[in-house]
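Encoded as structure tokens, the structure appears first; notes follow it.
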Amino acid sequence: MIEATSPQQPDTPLRPLRLRLRRADAHPDEHPRSGRSIVPRASVTANALVAVVAIMTFLAGITIGSVAAVRTVAADWTSDIARETTIEIKPGDGLDVAAALSRAVALARQTPGIADARALDERETADLLEPWLGSGLDVSNLPVPRLVVVTLGPDAGRQTIADLRASLANEVPSASLDDHRQWTERLSSTARTVVVIGLAILALVGAATVLCVVFATRAAVDAARGIVEVLHFIGARDTFIAREFQHHFLTIGFKGGAIGGGAAMALFFLGSTLPGWLAAGDPADTLIGAMRLDPRGYGGILGVAVLVALVTAITSRVTVFRTLRGIS
């Protein structure tokens with residue numbers, strides 16, 4: 001006796017998988033993470049990519065921190081230079097240097113926009129020349145220029161400098177005014193150049209990171225190609241498959257970003273504090289000043305670390321979509 005068979009086929013190993021995929025597609029936030037992922041979580045490639053992302057983030061963080069520190073130092077220098085200007089009295093035959101200094105100070109104080117003016121005495125002048133001529137210098141016996149330090153007021157402008165220069169030319173011909181404009185322009189140009197170089201380095205680091213993630217994603221897809229093809233042909237949406245890879249590489253990006261960004265922050269922190277501790281509290285300055293980061297600099301490094309993680313995830317998602325289109 002032949003038994004009638006039901007038109008409904010018994011459950012096969014693919015049916016639970018289809019049901020799981022339907023649930024995952026319908027509720028992407030509730031698809032089971034406890035099950036085995038289609039992307040290998042721990043492998044030599046994943047560990048190597050974490051190291052690469054950490055190195056790239058470290059280089060990007062060092063670049064951001066260096067640019068921020070140089071800009072801060074340049075801004076401080078420019079601010080200091082812009083607040084002061086110098087009158088130089090050159091000694092000459094028959095010139096009463098003391099009288100010329102007094103007249104230059106009086107003219108500076110009478111000029112609108114000048115907050116204060118004072119002449120450097122012989123001791124202060126000797127201190128300025130000490131690195132080159134040694135200590136115990138008697139300035140009164142040497143034909144060295146004498147200086148008047150002029151402090152500019154908040155309302156000082158180009159006209160203030162022009163009026164002071166004209167007054168000195170009429171009444172103190174031996175005096176010359178240096179408004180430090182050349183130095184401020186050089187500092188501003190240097191700061192802009194550093195910013196441009198930093199942006200170029202960041203662009204190169206970003207491009208290298210994207211290329212590394214693309215190759216790593218393709219390698220991961222090739223390693224799980226059989227599973228990806230089965231899922232793709234039985235009806236799994238591309239978004240579901242791409243989401244698995246995106247989550248995997250986002251985790252890698254955050255791990256590498258945290259390691260690289262933390263190392264960059266630690267380097268700047270130790271570089272600004274450790275030399276001072278070793279020197280019993282003396283500040284350790286570089287050629288351009290103290291290389292210290294403000295909160296914005298540390299925030300920039302943190303932002304770069306997060307950005308690298310997001311770029312890693314987005315790049316992997318785009319790469320998976322292109323690979324799935326090739327399978328189709």
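The way I read the labels, and the way they are meant: chains A, B, ... in the order of the structure tokens, residue 1 as the first residue of every chain, and ligand 1 as the first ligand shown, with later ones counted on from there.
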| task | Enumerate the residues of region 35-193 of chain A with a DSSP assignment of strand (DSSP E or B), computed from the backbone, and present them as a ChimeraX atom specification. | result | /A:84-89,114-119,146-152,175-178
| Residues within 12 Å of Asp76 (chain A), only C-alpha atoms, excluding chain neighbours under 4 positions, as a VMD selection string | chain A and resid 69 to 72 80 to 83 184 187 to 188 191 288 to 290
Excluding same-chain residues fewer than 6 positions from region 152-157 of chain A, what lies within 7 Å of it counting only C-alpha atoms, as a PDB file with C-alpha atoms, in the first residue's frame?
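Contents of around15.pdb, freshly written:
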ATOM      1  CA  ARG A  83      51.476  93.834  21.188  1.00  0.00           C
ATOM      2  CA  GLU A  84      54.949  95.376  21.149  1.00  0.00           C
ATOM      3  CA  GLY A 113      47.244 104.131  20.354  1.00  0.00           C
ATOM      4  CA  ILE A 114      50.460 103.656  22.368  1.00  0.00           C
ATOM      5  CA  ALA A 115      49.833 102.214  25.844  1.00  0.00           C
TER       6      ALA A 115
END
| Non-local contacts of Arg292 (chain A) (8 Å; only C-alpha atoms; under 3 positions in same chain excluded) as a PyMOL selection string | chain A and resi 69+268-269+272
Export of the given selection (N, CA and C atoms) as a PDB file, in the first residue's frame:
ATOM      1  N   ALA A  69      49.764  71.983  17.979  1.00  0.00           N
ATOM      2  CA  ALA A  69      50.785  72.594  18.837  1.00  0.00           C
ATOM      3  C   ALA A  69      51.508  73.724  18.127  1.00  0.00           C
ATOM      4  N   PHE A 268      52.114  62.750  23.498  1.00  0.00           N
ATOM      5  CA  PHE A 268      52.104  64.198  23.701  1.00  0.00           C
ATOM      6  C   PHE A 268      52.061  64.552  25.185  1.00  0.00           C
ATOM      7  N   PHE A 269      51.310  63.784  25.961  1.00  0.00           N
ATOM      8  CA  PHE A 269      51.230  64.073  27.390  1.00  0.00           C
ATOM      9  C   PHE A 269      52.581  63.866  28.064  1.00  0.00           C
ATOM     10  N   SER A 272      55.207  66.515  27.105  1.00  0.00           N
ATOM     11  CA  SER A 272      55.053  67.846  27.697  1.00  0.00           C
ATOM     12  C   SER A 272      55.235  67.864  29.206  1.00  0.00           C
TER      13      SER A 272
END
| request: Identify all residues of region 84-260 of chain A in helix (DSSP H, G or I) (DSSP on the backbone) and supply them as a PyMOL selection string. | output: chain A and resi 97-110+122-133+139-141+158-171+181-223+225-233+238-260
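Closest approach to Ala100 (chain A) among A:Glu122, A:Asp138, A:Asp178, A:Glu171: A:Glu171, based on only C-alpha atoms.
For the residues A:Gly253, A:Pro91, A:Pro145, A:Gly198, ranking by smallest atom-to-atom distance to Thr63 (chain A) using only C-alpha atoms places A:Gly198 first.
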| field | Test item: residues at most 12 Å from Ser316 (chain A), only C-alpha atoms, excluding those fewer than 5 positions along its chain, as a ChimeraX atom specification | value | /A:209-221,241-253,309-311,321-323
| said: Env of Ala106 (chain A): 12 Å cut, atoms = only C-alpha atoms, seq-sep filter 5 positions within chain, self excluded. Answer as a list in words. | reply: Ala99, Ala100, Leu101, Thr111, Ile114, Asp116, Ala117, Arg118, Ala119, Val148, Val150, Leu164, Ser167, Leu168, Glu171 and Val172 of chain A
